[in-house]
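**Q** So I've got this file, structure_39.pdb, and it contains PDB, C-alpha atoms and all ligand atoms:
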```
ATOM      1  CA  MET H  13      20.042 -30.957 -36.205  1.00  0.00           C
ATOM      2  CA  ASN H  14      16.450 -31.873 -35.701  1.00  0.00           C
ATOM      3  CA  TRP H  15      14.016 -29.411 -34.149  1.00  0.00           C
ATOM      4  CA  PRO H  16      10.653 -31.124 -34.650  1.00  0.00           C
ATOM      5  CA  ALA H  17       8.334 -28.452 -33.204  1.00  0.00           C
ATOM      6  CA  THR H  18       9.917 -25.574 -35.117  1.00  0.00           C
ATOM      7  CA  GLU H  19      10.366 -27.551 -38.317  1.00  0.00           C
ATOM      8  CA  ARG H  20       6.734 -28.630 -38.465  1.00  0.00           C
ATOM      9  CA  LEU H  21       5.953 -24.904 -38.881  1.00  0.00           C
ATOM     10  CA  SER H  22       8.520 -24.746 -41.718  1.00  0.00           C
ATOM     11  CA  LEU H  23      10.535 -22.232 -39.703  1.00  0.00           C
ATOM     12  CA  ALA H  24      14.319 -21.937 -39.571  1.00  0.00           C
ATOM     13  CA  PRO H  25      15.730 -22.651 -36.111  1.00  0.00           C
ATOM     14  CA  ALA H  26      17.449 -19.951 -34.054  1.00  0.00           C
ATOM     15  CA  PRO H  27      21.257 -20.285 -33.970  1.00  0.00           C
ATOM     16  CA  GLY H  28      23.008 -22.566 -31.463  1.00  0.00           C
ATOM     17  CA  GLY H  29      21.359 -23.578 -28.215  1.00  0.00           C
ATOM     18  CA  LEU H  30      18.815 -20.756 -28.457  1.00  0.00           C
ATOM     19  CA  ALA H  31      16.863 -23.036 -30.794  1.00  0.00           C
ATOM     20  CA  LEU H  32      15.846 -25.018 -27.686  1.00  0.00           C
ATOM     21  CA  VAL H  33      13.887 -22.010 -26.396  1.00  0.00           C
ATOM     22  CA  GLN H  34      12.205 -21.528 -29.769  1.00  0.00           C
ATOM     23  CA  GLU H  35      11.512 -25.236 -29.874  1.00  0.00           C
ATOM     24  CA  LEU H  36       9.705 -25.247 -26.519  1.00  0.00           C
ATOM     25  CA  LEU H  37       7.585 -22.265 -27.610  1.00  0.00           C
ATOM     26  CA  ASN H  38       6.620 -24.026 -30.825  1.00  0.00           C
ATOM     27  CA  THR H  39       5.380 -27.187 -29.089  1.00  0.00           C
ATOM     28  CA  ALA H  40       2.076 -25.258 -28.994  1.00  0.00           C
ATOM     29  CA  SER H  41       1.182 -25.474 -32.631  1.00  0.00           C
ATOM     30  CA  ALA H  42       0.573 -22.264 -34.516  1.00  0.00           C
ATOM     31  CA  ASP H  43      -0.373 -24.082 -37.690  1.00  0.00           C
ATOM     32  CA  PRO H  44      -4.102 -24.832 -38.086  1.00  0.00           C
ATOM     33  CA  ALA H  45      -3.138 -27.730 -40.359  1.00  0.00           C
ATOM     34  CA  ASP H  46      -1.178 -29.343 -37.509  1.00  0.00           C
ATOM     35  CA  PRO H  47      -2.902 -28.282 -34.302  1.00  0.00           C
ATOM     36  CA  ALA H  48      -1.385 -30.880 -31.968  1.00  0.00           C
ATOM     37  CA  ASP H  49       0.037 -29.529 -28.712  1.00  0.00           C
ATOM     38  CA  LEU H  50       3.147 -31.659 -28.230  1.00  0.00           C
ATOM     39  CA  LEU H  51       2.881 -31.164 -24.453  1.00  0.00           C
ATOM     40  CA  ALA H  52      -0.808 -32.056 -24.094  1.00  0.00           C
ATOM     41  CA  ASP H  53      -1.946 -34.088 -21.087  1.00  0.00           C
ATOM     42  CA  GLY H  54      -2.420 -37.742 -21.916  1.00  0.00           C
ATOM     43  CA  ALA H  55       0.195 -37.641 -24.660  1.00  0.00           C
ATOM     44  CA  LEU H  56       3.332 -38.341 -22.643  1.00  0.00           C
ATOM     45  CA  GLY H  57       4.714 -40.553 -25.419  1.00  0.00           C
ATOM     46  CA  ALA H  58       4.596 -37.702 -27.943  1.00  0.00           C
ATOM     47  CA  ALA H  59       6.114 -35.292 -25.404  1.00  0.00           C
ATOM     48  CA  GLN H  60       8.962 -37.694 -24.615  1.00  0.00           C
ATOM     49  CA  GLU H  61       9.622 -38.263 -28.300  1.00  0.00           C
ATOM     50  CA  TRP H  62       9.755 -34.511 -28.821  1.00  0.00           C
ATOM     51  CA  ALA H  63      12.066 -34.056 -25.794  1.00  0.00           C
ATOM     52  CA  ASP H  64      14.436 -36.806 -26.991  1.00  0.00           C
ATOM     53  CA  ARG H  65      14.899 -35.170 -30.376  1.00  0.00           C
ATOM     54  CA  ALA H  66      15.047 -31.586 -29.121  1.00  0.00           C
ATOM     55  CA  VAL H  67      17.499 -32.319 -26.301  1.00  0.00           C
ATOM     56  CA  ARG H  68      19.716 -34.394 -28.611  1.00  0.00           C
ATOM     57  CA  SER H  69      19.849 -31.447 -31.023  1.00  0.00           C
ATOM     58  CA  TRP H  70      20.588 -29.047 -28.188  1.00  0.00           C
ATOM     59  CA  ALA H  71      23.431 -31.284 -26.931  1.00  0.00           C
ATOM     60  CA  GLY H  72      24.870 -31.527 -30.451  1.00  0.00           C
ATOM     61  CA  GLU H  73      24.511 -27.799 -31.090  1.00  0.00           C
ATOM     62  CA  THR H  74      26.229 -26.850 -27.820  1.00  0.00           C
ATOM     63  CA  GLY H  75      28.977 -29.491 -27.941  1.00  0.00           C
ATOM     64  CA  ARG H  76      27.709 -31.623 -25.090  1.00  0.00           C
ATOM     65  CA  GLY H  77      27.744 -35.376 -24.790  1.00  0.00           C
ATOM     66  CA  ASP H  78      24.701 -37.553 -24.487  1.00  0.00           C
ATOM     67  CA  VAL H  79      21.975 -35.836 -22.468  1.00  0.00           C
ATOM     68  CA  ARG H  80      18.741 -37.608 -21.628  1.00  0.00           C
ATOM     69  CA  LEU H  81      15.670 -35.831 -20.335  1.00  0.00           C
ATOM     70  CA  VAL H  82      12.986 -38.089 -18.886  1.00  0.00           C
ATOM     71  CA  LEU H  83       9.514 -36.562 -18.645  1.00  0.00           C
ATOM     72  CA  THR H  84       6.675 -37.667 -16.383  1.00  0.00           C
ATOM     73  CA  ALA H  85       2.970 -36.831 -16.644  1.00  0.00           C
ATOM     74  CA  GLU H  86       3.471 -34.216 -13.875  1.00  0.00           C
ATOM     75  CA  ASP H  87       6.058 -32.418 -16.011  1.00  0.00           C
ATOM     76  CA  LEU H  88       3.607 -31.637 -18.811  1.00  0.00           C
ATOM     77  CA  PRO H  89       1.520 -28.908 -17.087  1.00  0.00           C
ATOM     78  CA  LYS H  90       4.753 -27.415 -15.698  1.00  0.00           C
ATOM     79  CA  LEU H  91       6.247 -27.256 -19.184  1.00  0.00           C
ATOM     80  CA  ARG H  92       3.106 -25.688 -20.619  1.00  0.00           C
ATOM     81  CA  CYS H  93       3.271 -23.095 -17.834  1.00  0.00           C
ATOM     82  CA  LEU H  94       6.950 -22.384 -18.598  1.00  0.00           C
ATOM     83  CA  ARG H  95       6.089 -22.076 -22.288  1.00  0.00           C
ATOM     84  CA  GLU H  96       3.338 -19.568 -21.520  1.00  0.00           C
ATOM     85  CA  GLN H  97       5.610 -17.531 -19.247  1.00  0.00           C
ATOM     86  CA  LEU H  98       8.281 -17.398 -21.945  1.00  0.00           C
ATOM     87  CA  ARG H  99       5.688 -16.328 -24.494  1.00  0.00           C
ATOM     88  CA  ARG H 100       4.491 -13.515 -22.235  1.00  0.00           C
ATOM     89  CA  ALA H 101       8.047 -12.439 -21.465  1.00  0.00           C
ATOM     90  CA  LEU H 102       8.970 -12.258 -25.165  1.00  0.00           C
ATOM     91  CA  ALA H 103       5.749 -10.397 -25.984  1.00  0.00           C
ATOM     92  CA  ALA H 104       6.528  -7.904 -23.187  1.00  0.00           C
ATOM     93  CA  CYS H 105      10.038  -7.516 -24.676  1.00  0.00           C
ATOM     94  CA  ASP H 106       8.507  -6.813 -28.090  1.00  0.00           C
ATOM     95  CA  GLU H 107       6.119  -4.202 -26.720  1.00  0.00           C
ATOM     96  CA  GLY H 108       8.834  -2.549 -24.622  1.00  0.00           C
ATOM     97  CA  GLY H 109       6.970  -3.559 -21.463  1.00  0.00           C
ATOM     98  CA  GLY H 110       8.411  -3.173 -17.975  1.00  0.00           C
ATOM     99  CA  ALA H 111      10.438  -5.792 -16.164  1.00  0.00           C
ATOM    100  CA  VAL H 112       8.149  -8.488 -14.794  1.00  0.00           C
ATOM    101  CA  ARG H 113       9.631 -11.579 -13.210  1.00  0.00           C
ATOM    102  CA  PHE H 114       7.887 -14.571 -14.698  1.00  0.00           C
ATOM    103  CA  THR H 115       9.949 -17.543 -13.549  1.00  0.00           C
ATOM    104  CA  SER H 116      13.351 -18.670 -12.269  1.00  0.00           C
ATOM    105  CA  ALA H 117      15.509 -21.802 -12.284  1.00  0.00           C
ATOM    106  CA  PRO H 118      18.895 -22.772 -10.795  1.00  0.00           C
ATOM    107  CA  VAL H 119      21.925 -23.384 -13.021  1.00  0.00           C
ATOM    108  CA  VAL H 120      25.517 -24.433 -12.314  1.00  0.00           C
ATOM    109  CA  VAL H 121      28.267 -22.162 -13.571  1.00  0.00           C
ATOM    110  CA  ALA H 122      31.487 -24.130 -13.980  1.00  0.00           C
ATOM    111  CA  LEU H 123      35.051 -23.048 -14.637  1.00  0.00           C
ATOM    112  CA  CYS H 124      36.806 -25.600 -16.810  1.00  0.00           C
ATOM    113  CA  GLY H 125      40.490 -26.524 -16.942  1.00  0.00           C
ATOM    114  CA  ASP H 126      40.987 -24.591 -20.161  1.00  0.00           C
ATOM    115  CA  GLY H 127      39.681 -21.423 -18.511  1.00  0.00           C
ATOM    116  CA  ALA H 128      36.284 -21.546 -20.207  1.00  0.00           C
ATOM    117  CA  LEU H 129      33.106 -20.967 -18.225  1.00  0.00           C
ATOM    118  CA  THR H 130      30.022 -23.052 -18.839  1.00  0.00           C
ATOM    119  CA  VAL H 131      26.455 -22.794 -17.640  1.00  0.00           C
ATOM    120  CA  GLU H 132      24.935 -26.215 -16.983  1.00  0.00           C
ATOM    121  CA  PRO H 133      21.253 -26.966 -16.436  1.00  0.00           C
ATOM    122  CA  GLU H 134      20.296 -28.464 -13.074  1.00  0.00           C
ATOM    123  CA  GLY H 135      17.610 -30.849 -11.892  1.00  0.00           C
ATOM    124  CA  ALA H 136      15.425 -33.326 -13.741  1.00  0.00           C
ATOM    125  CA  GLY H 137      12.311 -33.306 -15.913  1.00  0.00           C
ATOM    126  CA  ALA H 138      10.535 -29.966 -16.285  1.00  0.00           C
ATOM    127  CA  ARG H 139      13.025 -28.323 -13.887  1.00  0.00           C
ATOM    128  CA  TRP H 140      15.926 -29.374 -16.065  1.00  0.00           C
ATOM    129  CA  LEU H 141      14.264 -27.993 -19.176  1.00  0.00           C
ATOM    130  CA  ALA H 142      13.416 -24.713 -17.416  1.00  0.00           C
ATOM    131  CA  SER H 143      17.050 -24.469 -16.328  1.00  0.00           C
ATOM    132  CA  ALA H 144      18.364 -25.199 -19.847  1.00  0.00           C
ATOM    133  CA  VAL H 145      15.942 -22.798 -21.513  1.00  0.00           C
ATOM    134  CA  LEU H 146      16.619 -19.912 -19.114  1.00  0.00           C
ATOM    135  CA  ALA H 147      20.397 -20.495 -19.365  1.00  0.00           C
ATOM    136  CA  GLU H 148      20.165 -20.308 -23.171  1.00  0.00           C
ATOM    137  CA  GLY H 149      18.132 -17.119 -22.825  1.00  0.00           C
ATOM    138  CA  LEU H 150      20.801 -15.625 -20.583  1.00  0.00           C
ATOM    139  CA  LEU H 151      23.588 -16.534 -23.018  1.00  0.00           C
ATOM    140  CA  ALA H 152      21.559 -15.130 -25.931  1.00  0.00           C
ATOM    141  CA  GLN H 153      21.005 -11.926 -23.993  1.00  0.00           C
ATOM    142  CA  ALA H 154      24.758 -11.642 -23.402  1.00  0.00           C
ATOM    143  CA  THR H 155      25.485 -12.009 -27.122  1.00  0.00           C
ATOM    144  CA  GLY H 156      22.650  -9.681 -28.145  1.00  0.00           C
ATOM    145  CA  VAL H 157      20.502 -12.205 -30.020  1.00  0.00           C
ATOM    146  CA  TRP H 158      17.774 -12.720 -27.388  1.00  0.00           C
ATOM    147  CA  ARG H 159      15.793  -9.806 -28.846  1.00  0.00           C
ATOM    148  CA  ARG H 160      15.708 -11.598 -32.197  1.00  0.00           C
ATOM    149  CA  LEU H 161      13.632 -14.440 -30.792  1.00  0.00           C
ATOM    150  CA  LYS H 162      10.054 -13.288 -31.310  1.00  0.00           C
ATOM    151  CA  ILE H 163       6.435 -14.356 -31.155  1.00  0.00           C
ATOM    152  CA  CYS H 164       4.412 -13.755 -34.317  1.00  0.00           C
ATOM    153  CA  ARG H 165       2.219 -10.687 -33.826  1.00  0.00           C
ATOM    154  CA  ASN H 166      -0.807 -12.514 -35.231  1.00  0.00           C
ATOM    155  CA  ALA H 167      -2.528 -13.472 -31.953  1.00  0.00           C
ATOM    156  CA  GLY H 168      -4.150 -16.504 -33.582  1.00  0.00           C
ATOM    157  CA  CYS H 169      -0.741 -17.771 -34.696  1.00  0.00           C
ATOM    158  CA  ALA H 170       1.898 -16.957 -32.065  1.00  0.00           C
ATOM    159  CA  ALA H 171       4.638 -19.033 -33.739  1.00  0.00           C
ATOM    160  CA  ALA H 172       8.115 -18.404 -32.289  1.00  0.00           C
ATOM    161  CA  PHE H 173      10.553 -17.281 -34.983  1.00  0.00           C
ATOM    162  CA  TYR H 174      14.102 -16.002 -35.141  1.00  0.00           C
ATOM    163  CA  ASP H 175      14.268 -12.622 -36.841  1.00  0.00           C
ATOM    164  CA  ARG H 176      17.207 -12.547 -39.261  1.00  0.00           C
ATOM    165  CA  SER H 177      16.290  -9.172 -40.774  1.00  0.00           C
ATOM    166  CA  ARG H 178      19.141  -6.652 -40.769  1.00  0.00           C
ATOM    167  CA  ASN H 179      17.402  -4.159 -38.473  1.00  0.00           C
ATOM    168  CA  ASN H 180      15.528  -6.761 -36.411  1.00  0.00           C
ATOM    169  CA  SER H 181      12.186  -5.314 -37.510  1.00  0.00           C
ATOM    170  CA  GLY H 182      10.249  -8.523 -38.247  1.00  0.00           C
ATOM    171  CA  VAL H 183       6.912  -9.014 -36.496  1.00  0.00           C
ATOM    172  CA  TRP H 184       5.376 -11.892 -38.523  1.00  0.00           C
ATOM    173  CA  HIS H 185       6.594 -15.471 -38.529  1.00  0.00           C
ATOM    174  CA  SER H 186       5.866 -15.455 -42.263  1.00  0.00           C
ATOM    175  CA  VAL H 187       5.607 -12.283 -44.308  1.00  0.00           C
ATOM    176  CA  ARG H 188       3.595 -14.092 -46.958  1.00  0.00           C
ATOM    177  CA  GLY H 189       1.318 -15.810 -44.424  1.00  0.00           C
ATOM    178  CA  CYS H 190       0.485 -13.795 -41.295  1.00  0.00           C
ATOM    179  CA  GLY H 191       2.073 -10.600 -42.699  1.00  0.00           C
ATOM    180  CA  ASN H 192       0.020 -10.717 -45.867  1.00  0.00           C
ATOM    181  CA  ALA H 193      -3.217 -11.444 -43.982  1.00  0.00           C
ATOM    182  CA  ALA H 194      -2.614  -8.384 -41.762  1.00  0.00           C
ATOM    183  CA  HIS H 195      -1.804  -6.273 -44.819  1.00  0.00           C
ATOM    184  CA  LEU H 196      -5.068  -7.292 -46.531  1.00  0.00           C
ATOM    185  CA  ARG H 197      -7.034  -6.575 -43.338  1.00  0.00           C
ATOM    186  CA  ALA H 198      -5.482  -3.109 -43.078  1.00  0.00           C
ATOM    187  CA  CYS H 199      -6.273  -2.429 -46.776  1.00  0.00           C
ATOM    188  CA  ARG H 200      -9.894  -3.485 -46.299  1.00  0.00           C
ATOM    189  CA  GLU H 201     -10.154  -1.315 -43.195  1.00  0.00           C
ATOM    190  CA  ARG H 202      -8.759   1.730 -45.051  1.00  0.00           C
ATOM    191  CA  ARG H 203     -11.169   1.151 -47.933  1.00  0.00           C
ATOM    192  CA  ARG H 204     -14.080   0.882 -45.489  1.00  0.00           C
ATOM    193  CA  VAL H 205     -13.149   4.166 -43.796  1.00  0.00           C
ATOM    194  CA  ARG H 206     -12.725   5.890 -47.163  1.00  0.00           C
ATOM    195  CA  ASP H 207     -16.028   4.681 -48.676  1.00  0.00           C
TER     196      ASP H 207
HETATM  197 ZN    ZN H 301       2.282 -16.090 -37.692  1.00  0.00          ZN
END
```
Write the structure described by the file as structure tokens, please.
Ligand SMILES: [Zn+2]

**A**
Amino acid sequence: MNWPATERLSLAPAPGGLALVQELLNTASADPADPADLLADGALGAAQEWADRAVRSWAGETGRGDVRLVLTAEDLPKLRCLREQLRRALAACDEGGGAVRFTSAPVVVALCGDGALTVEPEGAGARWLASAVLAEGLLAQATGVWRRLKICRNAGCAAAFYDRSRNNSGVWHSVRGCGNAAHLRACRERRRVRD
């Protein structure tokens, strides 16, 4: 599978279709060495290239056939808005915040011949992606892994990572990077108070 936005941060993708949610969040770069916003206005080509790869991976990961998402220039601000709403929702989750409704999207729930139920995204462009991302969030919530998708606590970073720690206690996208920087800051602060 190929998750370009998440992989450029050297992060492991979330399992299954949930990686699509992480992928959208990581289109806003957290890495100062690679600051490109993959959904920036005026860069429709880069956004489409990202969408092609991400949606192909999502289709492969979830056992779907060929899915093609076509983006227009009008989709880009909508996708950035969706990304921001997701980020705020996950941060509220992390802080134990109250229930705030950020966004909504229609999906189709289908009953298949073999008795299985599927949730299919609806619409086109940004609406389709919102539908796919919220459906994956719902499925992840049902299986208990939604709370493992997190935003790095370093406000200047905000990379989306999947917490694989046993007790789901991770708060940094990288313990050696953002975690270490916070640790050093706290040490300096303690020393300052003591001296
Ligand atoms: Zn970080």

**Q** Hey, which of H:Gly149, H:Lys162, H:Leu23, H:Gly189 ends up closest to H:Arg100? Count all atoms listed in the file.

**A** H:Lys162

**Q** Running the PyMOL selection byres (((not hetatm)) within 9 of (chain H and resi 301)) on this model by hand, what would come out? Give it as a compact mmCIF listing (two decimals) with C-alpha atoms, keeping the file's coordinate frame.

**A**
```txt
# COMPACT_ATOMS: atom_id res chain seq x y z
CA ALA H 42 0.57 -22.26 -34.52
CA ASP H 43 -0.37 -24.08 -37.69
CA ILE H 163 6.44 -14.36 -31.16
CA CYS H 164 4.41 -13.76 -34.32
CA ARG H 165 2.22 -10.69 -33.83
CA ASN H 166 -0.81 -12.51 -35.23
CA ALA H 167 -2.53 -13.47 -31.95
CA GLY H 168 -4.15 -16.50 -33.58
CA CYS H 169 -0.74 -17.77 -34.70
CA ALA H 170 1.90 -16.96 -32.06
CA ALA H 171 4.64 -19.03 -33.74
CA ALA H 172 8.12 -18.40 -32.29
CA PHE H 173 10.55 -17.28 -34.98
CA VAL H 183 6.91 -9.01 -36.50
CA TRP H 184 5.38 -11.89 -38.52
CA HIS H 185 6.59 -15.47 -38.53
CA SER H 186 5.87 -15.46 -42.26
CA VAL H 187 5.61 -12.28 -44.31
CA GLY H 189 1.32 -15.81 -44.42
CA CYS H 190 0.48 -13.80 -41.30
CA GLY H 191 2.07 -10.60 -42.70
```

**Q** Could you list, as a ChimeraX atom specification, every residue within 6 Å of stretch 82-95 of chain H, counting only C-alpha atoms and ignoring same-chain residues fewer than 3 positions away?

**A** /H:37,51,98,137-138

**Q** Please determine the residues with any atom at most 12 Å from (20.9, -4.2, -35.9) (coordinates as given in the file, with only C-alpha atoms counting) and report them as a ChimeraX atom specification.

**A** /H:156-157,159-160,175-182

**Q** For a quick check of understanding, using all atoms listed in the file, which of H:Pro133, H:Pro47, H:Gly29, H:Gly54 has the smallest distance to H:Gly75?

**A** H:Gly29

**Q** Between atom CA of H:Glu35 and atom CA of H:Thr18, what is the spacing in Å?

**A**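 Interatomic distance, atom CA of H:Thr18 to atom CA of H:Glu35: 5.5 Å.
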
**Q** Return the padded bounding box of stretch 169-182 of chain H as JSON: axis-aligned, built from all atoms listed in the file, 5 Å added on each side, with centre and edge lengths in Å to one decimal.

**A**
```
{"center_x": 9.2, "center_y": -11.6, "center_z": -36.4, "size_x": 29.9, "size_y": 24.9, "size_z": 18.7}
```

**Q** Fewer than 2 positions away in the same chain doesn't count, so skip those; otherwise give me all residues within 12 Å of H:Ala48, counting only C-alpha atoms, as a count of residues only.

**A** 19

**Q** Have a look at H:Ala193, H:Ala117, H:Val131, H:Leu56 and name the one nearest to H:Ser143; count all atoms listed in the file.

**A**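 For H:Ser143, the nearest of the given residues is H:Ala117.
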
**Q** I need the residue nearest H:Gly28 from this list: H:Leu146, H:Cys199, H:Leu141, H:Met13. Use all atoms listed in the file for the distance.

**A**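 Ranked by minimum distance to H:Gly28, first place goes to H:Met13.
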
**Q** Determine the residue membership of the PyMOL selection byres (((chain H and resi 30) around 8) and not hetatm) for the file above and supply it as a list in words.

**A**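 Listing what the PyMOL selection byres (((chain H and resi 30) around 8) and not hetatm) selects in the shown file: Ala26, Pro27, Gly28, Gly29, Ala31, Leu32, Val33, Gln34, Val145, Glu148, Gly149 and Ala152 of chain H.
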
**Q** Output the selection as a PDB file, in the coordinates of the input - C-alpha atoms for each residue.

**A**
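Output file selection_6.pdb follows:
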```
ATOM      1  CA  ALA H  26      17.449 -19.951 -34.054  1.00  0.00           C
ATOM      2  CA  PRO H  27      21.257 -20.285 -33.970  1.00  0.00           C
ATOM      3  CA  GLY H  28      23.008 -22.566 -31.463  1.00  0.00           C
ATOM      4  CA  GLY H  29      21.359 -23.578 -28.215  1.00  0.00           C
ATOM      5  CA  ALA H  31      16.863 -23.036 -30.794  1.00  0.00           C
ATOM      6  CA  LEU H  32      15.846 -25.018 -27.686  1.00  0.00           C
ATOM      7  CA  VAL H  33      13.887 -22.010 -26.396  1.00  0.00           C
ATOM      8  CA  GLN H  34      12.205 -21.528 -29.769  1.00  0.00           C
ATOM      9  CA  VAL H 145      15.942 -22.798 -21.513  1.00  0.00           C
ATOM     10  CA  GLU H 148      20.165 -20.308 -23.171  1.00  0.00           C
ATOM     11  CA  GLY H 149      18.132 -17.119 -22.825  1.00  0.00           C
ATOM     12  CA  ALA H 152      21.559 -15.130 -25.931  1.00  0.00           C
TER      13      ALA H 152
END
```

**Q** Find the distance between atom CA of H:Glu96 and atom CA of H:Phe114 and write it in Å to one decimal.

**A**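 Rounded to one decimal, the two atoms are 9.6 Å apart.
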
**Q** Record the distance separating atom CA of H:Ala144 and atom CA of H:Val119, expressed in Å with one decimal.

**A** 7.9 Å

**Q** So which one's closest to H:Pro25, H:Asn192, H:Gln153, H:Arg203, H:Trp70? Using all atoms listed in the file, please.

**A**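 Ranking H:Asn192, H:Gln153, H:Arg203, H:Trp70 by distance to H:Pro25, first place goes to H:Trp70.
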
**Q** Do you know which residues are at most 8 Å from H:Asp64 counting only C-alpha atoms, after dropping those on the same chain fewer than 3 positions away, and could you put them as an NGL selection string?

**A** :H and (60-61 or 67-68 or 80-81)

**Q** With C-alpha atoms retained, could you export that selection as a PDB file, in the coordinates of the input?

**A**
```pdb
ATOM      1  CA  GLN H  60       8.962 -37.694 -24.615  1.00  0.00           C
ATOM      2  CA  GLU H  61       9.622 -38.263 -28.300  1.00  0.00           C
ATOM      3  CA  VAL H  67      17.499 -32.319 -26.301  1.00  0.00           C
ATOM      4  CA  ARG H  68      19.716 -34.394 -28.611  1.00  0.00           C
ATOM      5  CA  ARG H  80      18.741 -37.608 -21.628  1.00  0.00           C
ATOM      6  CA  LEU H  81      15.670 -35.831 -20.335  1.00  0.00           C
TER       7      LEU H  81
END
```
